[in-house]
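Visitor: The following block contains the structure, expressed as structure tokens.
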4 protein chains.
Amino acid sequence: MLILCRQDITESQRWAVLDVAARAGFIAQVVGPRVIALFGDGDTRELSLLPCVAKIVDHEGELLFASRNGFRGTREVPAGPVTIGRGFTIIAGPCAVESREAILAAARTAKAAGVDLLRGGAYKPRTSPYSFQGLGRAGLGYLREAREETGLPVVTEVLDTDDIAAVAECADLLQVGTRNMANYALLKRVARAGRPVLLKRGMAATIAELLAAAEYLLVGGCPGVVLCERGIRTFSDETRFTLDLAAVPALRAATPWPVVVDPSHGTGIGAYVPALARAAAAAGAHGVMFEIHDHPEHALSDGQQAIAPEALPALVRDLRQIAGIARAAEGEKE
Amino acid sequence: MLILCRQDITESQRWAVLDVAARAGFIAQVVGPRVIALFGDGDTRELSLLPCVAKIVDHEGELLFASRNGFRGTREVPAGPVTIGRGFTIIAGPCAVESREAILAAARTAKAAGVDLLRGGAYKPRTSPYSFQGLGRAGLGYLREAREETGLPVVTEVLDTDDIAAVAECADLLQVGTRNMANYALLKRVARAGRPVLLKRGMAATIAELLAAAEYLLVGGCPGVVLCERGIRTFSDETRFTLDLAAVPALRAATPWPVVVDPSHGTGIGAYVPALARAAAAAGAHGVMFEIHDHPEHALSDGQQAIAPEALPALVRDLRQIAGIARAAEGEKE
Amino acid sequence: MLILCRQDITESQRWAVLDVAARAGFIAQVVGPRVIALFGDGDTRELSLLPCVAKIVDHEGELLFASRNGFRGTREVPAGPVTIGRGFTIIAGPCAVESREAILAAARTAKAAGVDLLRGGAYKPRTSPYSFQGLGRAGLGYLREAREETGLPVVTEVLDTDDIAAVAECADLLQVGTRNMANYALLKRVARAGRPVLLKRGMAATIAELLAAAEYLLVGGCPGVVLCERGIRTFSDETRFTLDLAAVPALRAATPWPVVVDPSHGTGIGAYVPALARAAAAAGAHGVMFEIHDHPEHALSDGQQAIAPEALPALVRDLRQIAGIARAAEGEKE
Amino acid sequence: MLILCRQDITESQRWAVLDVAARAGFIAQVVGPRVIALFGDGDTRELSLLPCVAKIVDHEGELLFASRNGFRGTREVPAGPVTIGRGFTIIAGPCAVESREAILAAARTAKAAGVDLLRGGAYKPRTSPYSFQGLGRAGLGYLREAREETGLPVVTEVLDTDDIAAVAECADLLQVGTRNMANYALLKRVARAGRPVLLKRGMAATIAELLAAAEYLLVGGCPGVVLCERGIRTFSDETRFTLDLAAVPALRAATPWPVVVDPSHGTGIGAYVPALARAAAAAGAHGVMFEIHDHPEHALSDGQQAIAPEALPALVRDLRQIAGIARAAEGEKE
């Protein structure tokens, strides 16, 4: 069972609820500012009389915040001056922030081509401890500079609970990556950072698990979530991952939160990125995120999956045109 | 090693080659009308002198017919009046031919909506022996009637070597299904039927294995192959299979033969089919194949993955528009 | 619905049933000598009165022959002098029959080490048309010789419906391989060959699909089926396939037919075969099948997954000892 | 490139190395107490002259600590009075610590049956935020009590960097779970806790990725690692995950660190656990970890995958017997 508390519940009232729940025979756990979960066979009568308790629901596994629950349309997620979920959002940038010069150049390229958000990792989760782990705080500074110069809002990944505040200061949208989708300790903290979050699907996560991870964020206080399909692990060895574009209509049916697709990580092959970015737009995604690199062959991480800047303007134009067709088609269907 | 024979090799010359090969210490196997494979450590001198032998190549696993081997552009595959690989080809129809009336109605709906080819199974591979296995010969007759009335060429599946001649008489394009992609006995016979083949990717096949299966057809005498991505088996349980759209640019890079996508089997969910058909067009596929059914809820097989006829005209229009954008983009890339 | 006919039904009675069914408004399909499936909304009254009809059941997808349906214990499958399902059966031999000498040598090695059945492919399904496809009829002859000399019964694969009679003449147990598990045309014919069948799990097949394929055989007249786990396609790239040993207890729970495991194809790495053969025995399998090769480095197919003959006697001893422990444990559980 | 520092390097010397590296044109990152990674094109001459630098190696992706690197045999990992990697180690206990009484009862059952280590989660990673997340600090206290009473060392999971010290105080072996295998922020901190770690394979991780995660621990200062196969995500829907027992010989070949198997999470089905625990022992694992629960039907998490206490003594006896056969077989091989 879940206790849904009133919006104005105070910290001391929450402690009182926990006390009453324990005396009533429950194991009680705070799930979010307004939600407490009860386990065991207790008696809810006294709890239901507390003034700070809005209602007690017999929860059967459904999600309170990440599911549609009857809501039609898309919940818009503001990221600085950009609103994800309104129109088609294009996020581009290098895999990692490699230097001040490189990220500034990428930001200018992106801006000139009509990209909406700048991506770039200051903290990089790498399979080997001996691979480049990102520039850290220095990288965050360069991202801030790029944002100031170009006006592009920034999305960047947070890996460590200790870095959340620093990343949140620089990023308009916090990214939780595929390796951390089920890092619930991180999700619980990121939820309290006051920033919307781009949540990548775990490479072995089902759609239901992705939505449950989003629920951790939303019940924990996160103001908005953007869900990102980025490829799953399969036997298919042609690409690094298998981009699951059926996740787009599936997520659109299940959740009101916007859905974006990352064909760079989803394939690992730059030459396939434009085709799959177009496919994502055609499938009804609210946006795409891909990597650009001025010199893919010199990238410190994942260079082979970036696309060259020259290809960007035509791709941006095609994506917006295809997204328009998809949007009209989805509208006709409703 | 492979012996490539001259185009005009006779049956008796072929026997002579096998004789010489055996005497020279090889195990020799006829792979196709013009290709003989040699195994073991023999001496090729005498073989190379035979007048019907064009050349002997030290084969290292590469495919002679299914790979690009330097060929740019697309090899066109005629299917009756339609040419697959030129423009964007839309194939639609019911999963199974269920009755004369149903397939005629579906053919008229398809024709009116601007579909290019009619699909429909007279022979159905079903997981359970107790499921409907198709109308067989009667179904082939109804397909022929539908073709005659509407002018739409027909693609239909062949399951059994004994049925190849009957199916080939009725079909403009023979389909080999996902369960039979690695049924090499069937491929070898279908290759000799004189019809182009739509070859579906095995649900656990890599791109390399799909191309090797196409090679069985092509080396065996098949005049043309259309490759079809139809979803692969993965852990993801939201859809029946995971449609691997990265296969589209991957196949386009690897082979000159046209590539089509089947989002009906690829997802198993009719509501997702339009989104993924659009995505296939955007990814650069040469066509799509999907299921339509007047009364999906009464279908004898796979009703839940068909789309309703009303949705067809708008979908056909969107697909052609998106395919145009993708084609222009691919052209710009070249 | 399914019509279950009496054991002594004649061909002309079967035609009569089909006639009555058609007149009653059904599409009727013969599934096996004694089973006819009905589709559509018809009236079963007249059918139920036919003397050759034992009963008409409202079939809801369950399997009549491949499931336990209340049967406890194991259905034994005789393969020449050996009974699979009683004790622990060890099947060994080369991947392919490569020459008369090689298969005779392998058979002697196997016999001396205490192996129960000889395996070896005369027909090989190969990914590339240019790979060695087996010795065919000649290979069958060498297998027959090996059987005569050593007394070991033989299991060998059949790929083509045209070869069933020839293979059945030589083999005590017909093998249907992983690529053909869902080749229903082949299953239907093999079912009528009068030989028990070793049916390998498709590399992308679920347990339910494997059992349904076994049902095709059993309803079609096959006297007995041995189910073989041989590895499935997954993302894991350490081994060629992922051997799914949970299939052993799962199959034992679901079906009375014996279960064997093939760790050679299941891993593709000879060095891992003994460990996984032992694991299969410990998991409760009724037997294992693995490859041996005198000179793995010279094998014409799959040499790297064979084990050397020297390792055989100790492995056979360990397997029988572990299988005894597992058998006792399973007995304690019952 | 990697700088390997002398064992006695001081903090200030490390800073000096970083200074010199930066001046020499490198991006330098501290990977562990004795290892610094260099990125970019710099000059190593001055660095190689520093007295605290042992050597500079041109690192090509190989692992320094997690790979065999020529070491034969097994690196033993002490966990309290038990040594993992010597003999066969049996780890059992409930999924979660649910109450003081329950964990004490489980510990007594385990001790009496001859189990070596007690498992039980005080912190539980759950897919839904509304599922029971464990008793936290209180749970750790109960585990400590169980250890004191029975003498069984304890393995328990750590999820959050903030809890590492508290968990390390109570646990003889820290567990990093499947969802956190690639949570590198956690691995880097856990490495410094001074405790050996049981590292579970990520449900979508390759063997190479598991070893690279172990390398994060070992280069970071962790005294010893036990690798745990616990099932991977595949299409196979019979069990919750697919237990990949080929990982056992694969890991034994690649690393000297001990390998254990968790058939409870690997299948999610208690009835299959004994069969797969035996299989793990037969495959050469150094131990198994499985769940027991007095009342599986009342478990707050994962009850359906636990085995009943009555089955424990016979299972423990079988496991030790089979492990003995496997150990002898592996010895014969060497």
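Going through the structure tokens in order, the chains are called A, B, and so on, while each chain numbers its residues from 1 and the ligands are numbered from 1 in the order shown.
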Compute the set of chain D residues within 6 Å of chain C, using only C-alpha atoms, and express it as a PyMOL selection string.

Guide: chain D and resi 206+234+236+249+272+275-276+278-279+282-283

Visitor: Can you list, as a PyMOL selection string, every residue of range 6-127 of chain A that DSSP puts in strand (DSSP E or B)?

Guide: chain A and resi 27-32+35-39+53-57+77-79+82-84+89-93+96+117-119+121

Visitor: Present chain B as a short mmCIF file (atom, residue, chain, number, x, y, z; two decimals) with C-alpha atoms, in the first residue's frame, least-squares fitted onto chain D over all of its C-alpha atoms paired in order.

Guide:
```
data_model
loop_
_atom_site.label_atom_id
_atom_site.label_comp_id
_atom_site.auth_asym_id
_atom_site.auth_seq_id
_atom_site.Cartn_x
_atom_site.Cartn_y
_atom_site.Cartn_z
CA MET B 1 50.04 4.66 -21.49
CA LEU B 2 50.11 3.74 -17.83
CA ILE B 3 52.51 4.92 -15.18
CA LEU B 4 53.06 2.20 -12.59
CA CYS B 5 54.26 3.84 -9.38
CA ARG B 6 56.32 2.33 -6.62
CA GLN B 7 54.45 0.71 -3.76
CA ASP B 8 55.65 3.40 -1.29
CA ILE B 9 54.55 6.41 -3.35
CA THR B 10 53.29 9.27 -1.18
CA GLU B 11 50.40 11.58 -1.84
CA SER B 12 52.69 14.51 -2.58
CA GLN B 13 54.75 12.44 -4.98
CA ARG B 14 51.58 11.51 -6.81
CA TRP B 15 50.75 15.18 -7.23
CA ALA B 16 54.23 15.74 -8.54
CA VAL B 17 53.74 13.03 -11.16
CA LEU B 18 50.49 14.65 -12.28
CA ASP B 19 52.24 18.01 -12.56
CA VAL B 20 55.06 16.64 -14.64
CA ALA B 21 52.59 14.75 -16.83
CA ALA B 22 50.56 17.89 -17.47
CA ARG B 23 53.67 19.85 -18.36
CA ALA B 24 54.77 17.05 -20.67
CA GLY B 25 51.54 17.45 -22.66
CA PHE B 26 49.44 14.65 -21.24
CA ILE B 27 45.98 14.47 -19.77
CA ALA B 28 46.72 12.35 -16.69
CA GLN B 29 44.19 10.46 -14.58
CA VAL B 30 44.73 8.65 -11.30
CA VAL B 31 43.34 5.15 -11.77
CA GLY B 32 44.45 3.65 -8.47
CA PRO B 33 46.93 4.17 -5.66
CA ARG B 34 49.79 3.05 -7.87
CA VAL B 35 48.52 3.57 -11.41
CA ILE B 36 48.16 6.77 -13.43
CA ALA B 37 46.85 6.76 -17.01
CA LEU B 38 48.16 9.17 -19.64
CA PHE B 39 46.20 10.41 -22.67
CA GLY B 40 47.34 12.51 -25.58
CA ASP B 41 50.71 12.86 -27.28
CA GLY B 42 53.27 13.88 -24.68
CA ASP B 43 56.85 13.09 -23.88
CA THR B 44 57.49 10.48 -21.18
CA ARG B 45 61.19 11.12 -20.66
CA GLU B 46 60.95 13.36 -17.61
CA LEU B 47 58.23 11.18 -16.08
CA SER B 48 60.34 8.06 -16.38
CA LEU B 49 63.07 9.73 -14.34
CA LEU B 50 60.89 10.39 -11.30
CA PRO B 51 61.99 8.17 -8.38
CA CYS B 52 58.44 7.17 -7.47
CA VAL B 53 57.76 5.87 -11.01
CA ALA B 54 58.44 2.14 -11.33
CA LYS B 55 57.71 1.92 -15.04
CA ILE B 56 55.69 3.34 -17.88
CA VAL B 57 53.95 0.73 -20.00
CA ASP B 58 52.40 1.04 -23.40
CA HIS B 59 49.09 -0.39 -22.42
CA GLU B 60 47.06 -2.05 -25.16
CA GLY B 61 43.85 -2.78 -23.36
CA GLU B 62 45.02 -5.73 -21.31
CA LEU B 63 44.12 -5.88 -17.64
CA LEU B 64 46.94 -5.74 -15.12
CA PHE B 65 45.21 -7.32 -12.14
CA ALA B 66 42.10 -9.20 -13.28
CA SER B 67 43.76 -11.27 -16.02
CA ARG B 68 45.87 -14.35 -15.54
CA ASN B 69 49.03 -12.73 -16.94
CA GLY B 70 50.71 -16.09 -16.66
CA PHE B 71 49.54 -16.88 -13.15
CA ARG B 72 48.44 -20.51 -12.82
CA GLY B 73 46.06 -21.67 -10.12
CA THR B 74 43.51 -19.71 -8.13
CA ARG B 75 43.98 -16.55 -6.08
CA GLU B 76 42.38 -17.25 -2.73
CA VAL B 77 40.02 -14.67 -1.27
CA PRO B 78 39.54 -14.76 2.50
CA ALA B 79 36.08 -13.93 3.79
CA GLY B 80 36.35 -14.07 7.56
CA PRO B 81 37.28 -17.64 8.53
CA VAL B 82 36.46 -18.98 5.08
CA THR B 83 38.77 -18.96 2.08
CA ILE B 84 37.01 -18.70 -1.26
CA GLY B 85 38.97 -20.41 -4.00
CA ARG B 86 40.10 -23.25 -1.75
CA GLY B 87 37.63 -26.14 -1.77
CA PHE B 88 34.00 -25.43 -2.69
CA THR B 89 32.22 -22.54 -1.00
CA ILE B 90 28.47 -22.59 -0.41
CA ILE B 91 26.78 -19.26 0.24
CA ALA B 92 23.13 -19.29 1.27
CA GLY B 93 20.57 -17.10 2.95
CA PRO B 94 17.44 -15.13 2.26
CA CYS B 95 17.17 -12.62 -0.58
CA ALA B 96 16.50 -9.79 1.87
CA VAL B 97 16.96 -9.47 5.62
CA GLU B 98 13.30 -9.22 6.53
CA SER B 99 13.49 -9.31 10.35
CA ARG B 100 15.87 -10.17 13.15
CA GLU B 101 14.10 -13.48 13.76
CA ALA B 102 14.06 -14.48 10.09
CA ILE B 103 17.76 -13.86 9.46
CA LEU B 104 18.78 -15.60 12.70
CA ALA B 105 16.64 -18.61 11.80
CA ALA B 106 18.08 -18.68 8.28
CA ALA B 107 21.63 -18.44 9.64
CA ARG B 108 21.02 -21.38 11.99
CA THR B 109 19.52 -23.44 9.17
CA ALA B 110 22.46 -22.60 6.94
CA LYS B 111 25.03 -23.36 9.62
CA ALA B 112 23.42 -26.68 10.50
CA ALA B 113 23.36 -27.74 6.86
CA GLY B 114 27.05 -27.05 6.37
CA VAL B 115 26.81 -23.79 4.46
CA ASP B 116 29.99 -21.66 4.48
CA LEU B 117 28.76 -18.06 4.18
CA LEU B 118 25.53 -16.29 4.98
CA ARG B 119 23.97 -13.98 2.39
CA GLY B 120 21.12 -11.52 2.93
CA GLY B 121 20.40 -8.05 1.62
CA ALA B 122 19.96 -5.10 3.96
CA TYR B 123 19.83 -2.81 0.92
CA LYS B 124 17.84 -4.15 -2.02
CA PRO B 125 17.83 -2.71 -5.54
CA ARG B 126 14.23 -3.04 -6.69
CA THR B 127 12.78 -2.30 -10.10
CA SER B 128 9.86 -0.38 -8.62
CA PRO B 129 10.30 2.44 -6.09
CA TYR B 130 7.23 1.02 -4.34
CA SER B 131 8.82 -2.37 -3.63
CA PHE B 132 10.50 -3.21 -0.33
CA GLN B 133 13.98 -1.65 -0.39
CA GLY B 134 15.43 -3.53 2.57
CA LEU B 135 15.82 -2.76 6.26
CA GLY B 136 19.01 -0.74 5.78
CA ARG B 137 21.11 -0.08 8.91
CA ALA B 138 18.79 -2.20 11.05
CA GLY B 139 19.30 -5.09 8.64
CA LEU B 140 23.06 -4.72 8.90
CA GLY B 141 22.75 -5.04 12.67
CA TYR B 142 20.78 -8.26 12.40
CA LEU B 143 23.36 -9.67 9.99
CA ARG B 144 26.11 -8.86 12.48
CA GLU B 145 24.15 -10.66 15.16
CA ALA B 146 23.66 -13.69 12.91
CA ARG B 147 27.38 -13.77 12.22
CA GLU B 148 28.22 -13.53 15.90
CA GLU B 149 25.85 -16.30 16.87
CA THR B 150 26.69 -18.79 14.13
CA GLY B 151 30.23 -17.85 13.20
CA LEU B 152 29.20 -17.70 9.54
CA PRO B 153 30.88 -14.89 7.65
CA VAL B 154 28.49 -12.55 5.85
CA VAL B 155 28.19 -11.29 2.29
CA THR B 156 25.78 -8.42 1.70
CA GLU B 157 25.21 -5.88 -1.02
CA VAL B 158 26.17 -2.24 -1.06
CA LEU B 159 24.20 0.09 -3.33
CA ASP B 160 25.16 3.58 -2.28
CA THR B 161 28.59 5.10 -1.84
CA ASP B 162 27.34 6.66 1.41
CA ASP B 163 26.70 3.22 2.91
CA ILE B 164 30.04 1.62 2.10
CA ALA B 165 31.60 2.15 5.51
CA ALA B 166 28.57 0.84 7.37
CA VAL B 167 28.27 -2.22 5.14
CA ALA B 168 32.00 -2.90 5.26
CA GLU B 169 31.86 -2.92 9.04
CA CYS B 170 29.30 -5.72 8.99
CA ALA B 171 30.26 -7.72 5.90
CA ASP B 172 33.21 -10.05 5.41
CA LEU B 173 32.59 -9.82 1.69
CA LEU B 174 30.98 -6.79 0.04
CA GLN B 175 28.61 -7.56 -2.78
CA VAL B 176 28.28 -5.35 -5.85
CA GLY B 177 25.13 -6.45 -7.64
CA THR B 178 24.32 -6.99 -11.29
CA ARG B 179 22.68 -3.57 -11.67
CA ASN B 180 25.83 -1.88 -10.39
CA MET B 181 28.53 -3.88 -12.17
CA ALA B 182 29.07 -0.90 -14.47
CA ASN B 183 28.48 1.72 -11.76
CA TYR B 184 32.09 2.77 -11.86
CA ALA B 185 31.64 5.50 -9.24
CA LEU B 186 30.58 2.80 -6.78
CA LEU B 187 33.36 0.41 -7.83
CA LYS B 188 36.02 3.08 -7.31
CA ARG B 189 34.81 3.74 -3.76
CA VAL B 190 34.21 0.11 -2.82
CA ALA B 191 37.76 -0.61 -3.95
CA ARG B 192 39.04 1.54 -1.10
CA ALA B 193 36.92 -0.11 1.62
CA GLY B 194 39.59 -2.68 2.46
CA ARG B 195 37.22 -5.61 2.01
CA PRO B 196 37.14 -8.31 -0.66
CA VAL B 197 34.26 -7.96 -3.08
CA LEU B 198 31.84 -10.40 -4.65
CA LEU B 199 31.17 -8.82 -8.04
CA LYS B 200 28.11 -9.99 -9.93
CA ARG B 201 28.11 -10.04 -13.70
CA GLY B 202 25.86 -7.40 -15.21
CA MET B 203 22.81 -8.95 -16.79
CA ALA B 204 23.96 -7.62 -20.16
CA ALA B 205 27.71 -7.78 -19.58
CA THR B 206 30.21 -9.78 -21.55
CA ILE B 207 32.95 -11.72 -19.81
CA ALA B 208 35.42 -9.04 -20.89
CA GLU B 209 33.29 -6.33 -19.31
CA LEU B 210 32.99 -8.28 -16.07
CA LEU B 211 36.76 -8.61 -15.91
CA ALA B 212 37.20 -4.90 -16.68
CA ALA B 213 34.83 -4.08 -13.80
CA ALA B 214 36.93 -6.34 -11.55
CA GLU B 215 39.97 -4.39 -12.72
CA TYR B 216 38.37 -1.16 -11.45
CA LEU B 217 38.19 -2.81 -8.03
CA LEU B 218 41.65 -4.34 -8.07
CA VAL B 219 43.57 -1.36 -9.44
CA GLY B 220 41.69 0.76 -6.92
CA GLY B 221 43.04 -1.16 -3.96
CA CYS B 222 40.54 -3.95 -3.39
CA PRO B 223 42.28 -6.91 -1.72
CA GLY B 224 40.41 -9.63 -3.65
CA VAL B 225 37.53 -10.27 -5.99
CA VAL B 226 35.09 -13.15 -6.35
CA LEU B 227 33.32 -13.17 -9.72
CA CYS B 228 29.71 -14.26 -9.82
CA GLU B 229 27.73 -15.51 -12.83
CA ARG B 230 24.06 -14.80 -12.11
CA GLY B 231 22.24 -15.11 -15.41
CA ILE B 232 22.01 -12.87 -18.45
CA ARG B 233 19.14 -11.32 -20.36
CA THR B 234 18.12 -13.34 -23.39
CA PHE B 235 14.96 -14.02 -25.38
CA SER B 236 14.39 -17.26 -23.48
CA ASP B 237 11.27 -16.76 -21.37
CA GLU B 238 11.16 -20.01 -19.45
CA THR B 239 13.38 -18.61 -16.72
CA ARG B 240 13.82 -15.06 -15.49
CA PHE B 241 17.39 -14.94 -16.79
CA THR B 242 19.55 -17.42 -18.69
CA LEU B 243 22.30 -18.82 -16.49
CA ASP B 244 25.45 -18.84 -18.62
CA LEU B 245 27.47 -21.70 -17.18
CA ALA B 246 30.03 -21.49 -19.97
CA ALA B 247 31.13 -18.40 -18.07
CA VAL B 248 32.66 -20.75 -15.50
CA PRO B 249 35.31 -22.36 -17.71
CA ALA B 250 35.68 -19.08 -19.60
CA LEU B 251 36.43 -17.12 -16.43
CA ARG B 252 38.66 -19.86 -15.05
CA ALA B 253 40.70 -19.64 -18.24
CA ALA B 254 40.88 -15.84 -18.21
CA THR B 255 41.37 -14.92 -14.57
CA PRO B 256 42.92 -16.40 -11.43
CA TRP B 257 40.15 -14.99 -9.21
CA PRO B 258 37.53 -17.46 -7.96
CA VAL B 259 34.19 -17.89 -9.72
CA VAL B 260 30.86 -18.57 -8.06
CA VAL B 261 27.40 -19.04 -9.54
CA ASP B 262 24.01 -17.78 -8.33
CA PRO B 263 21.30 -20.11 -9.69
CA SER B 264 18.55 -18.38 -7.68
CA HIS B 265 18.73 -15.11 -9.57
CA GLY B 266 19.97 -16.97 -12.61
CA THR B 267 16.65 -18.75 -13.02
CA GLY B 268 14.14 -17.06 -10.71
CA ILE B 269 12.59 -20.48 -10.10
CA GLY B 270 13.33 -22.26 -6.83
CA ALA B 271 12.49 -25.68 -8.25
CA TYR B 272 15.35 -25.40 -10.75
CA VAL B 273 17.95 -24.14 -8.25
CA PRO B 274 19.28 -27.52 -7.01
CA ALA B 275 19.78 -28.80 -10.57
CA LEU B 276 21.67 -25.68 -11.59
CA ALA B 277 23.69 -25.46 -8.38
CA ARG B 278 24.86 -29.01 -9.08
CA ALA B 279 25.59 -28.00 -12.67
CA ALA B 280 27.70 -25.06 -11.47
CA ALA B 281 29.75 -27.34 -9.23
CA ALA B 282 30.21 -29.79 -12.09
CA ALA B 283 31.32 -27.00 -14.42
CA GLY B 284 34.17 -26.20 -12.06
CA ALA B 285 32.83 -23.21 -10.13
CA HIS B 286 34.60 -22.42 -6.85
CA GLY B 287 31.25 -22.04 -5.14
CA VAL B 288 27.56 -21.30 -5.42
CA MET B 289 25.28 -18.74 -3.85
CA PHE B 290 21.58 -19.40 -3.53
CA GLU B 291 18.57 -18.26 -1.61
CA ILE B 292 16.81 -20.09 1.16
CA HIS B 293 13.60 -18.97 2.82
CA ASP B 294 11.58 -20.67 5.54
CA HIS B 295 8.33 -19.49 4.01
CA PRO B 296 9.05 -18.66 0.35
CA GLU B 297 5.40 -17.74 -0.19
CA HIS B 298 5.64 -14.93 2.38
CA ALA B 299 8.99 -13.47 1.25
CA LEU B 300 9.04 -9.70 0.77
CA SER B 301 11.21 -10.15 -2.31
CA ASP B 302 11.90 -12.94 -4.79
CA GLY B 303 10.28 -15.70 -2.74
CA GLN B 304 9.62 -17.87 -5.75
CA GLN B 305 13.32 -18.38 -6.36
CA ALA B 306 14.28 -19.60 -2.89
CA ILE B 307 14.62 -23.24 -1.89
CA ALA B 308 13.13 -24.73 1.23
CA PRO B 309 15.43 -25.47 4.21
CA GLU B 310 14.57 -29.18 4.23
CA ALA B 311 16.25 -29.59 0.85
CA LEU B 312 19.48 -27.99 2.03
CA PRO B 313 21.50 -30.79 3.70
CA ALA B 314 21.19 -33.21 0.78
CA LEU B 315 22.02 -30.44 -1.67
CA VAL B 316 25.12 -29.42 0.28
CA ARG B 317 26.31 -33.04 0.30
CA ASP B 318 25.70 -33.47 -3.45
CA LEU B 319 27.45 -30.22 -4.27
CA ARG B 320 30.60 -31.14 -2.38
CA GLN B 321 30.69 -34.55 -3.99
CA ILE B 322 30.26 -33.19 -7.52
CA ALA B 323 32.74 -30.38 -6.88
CA GLY B 324 35.26 -33.02 -5.88
CA ILE B 325 34.82 -34.84 -9.18
CA ALA B 326 35.11 -31.57 -11.11
CA ARG B 327 38.23 -30.54 -9.20
CA ALA B 328 39.89 -33.87 -9.91
CA ALA B 329 38.94 -33.56 -13.59
CA GLU B 330 40.36 -30.08 -13.87
CA GLY B 331 43.52 -31.31 -12.16
CA GLU B 332 43.87 -34.15 -14.62
CA LYS B 333 43.57 -31.63 -17.40
CA GLU B 334 46.43 -29.53 -16.16
#
```
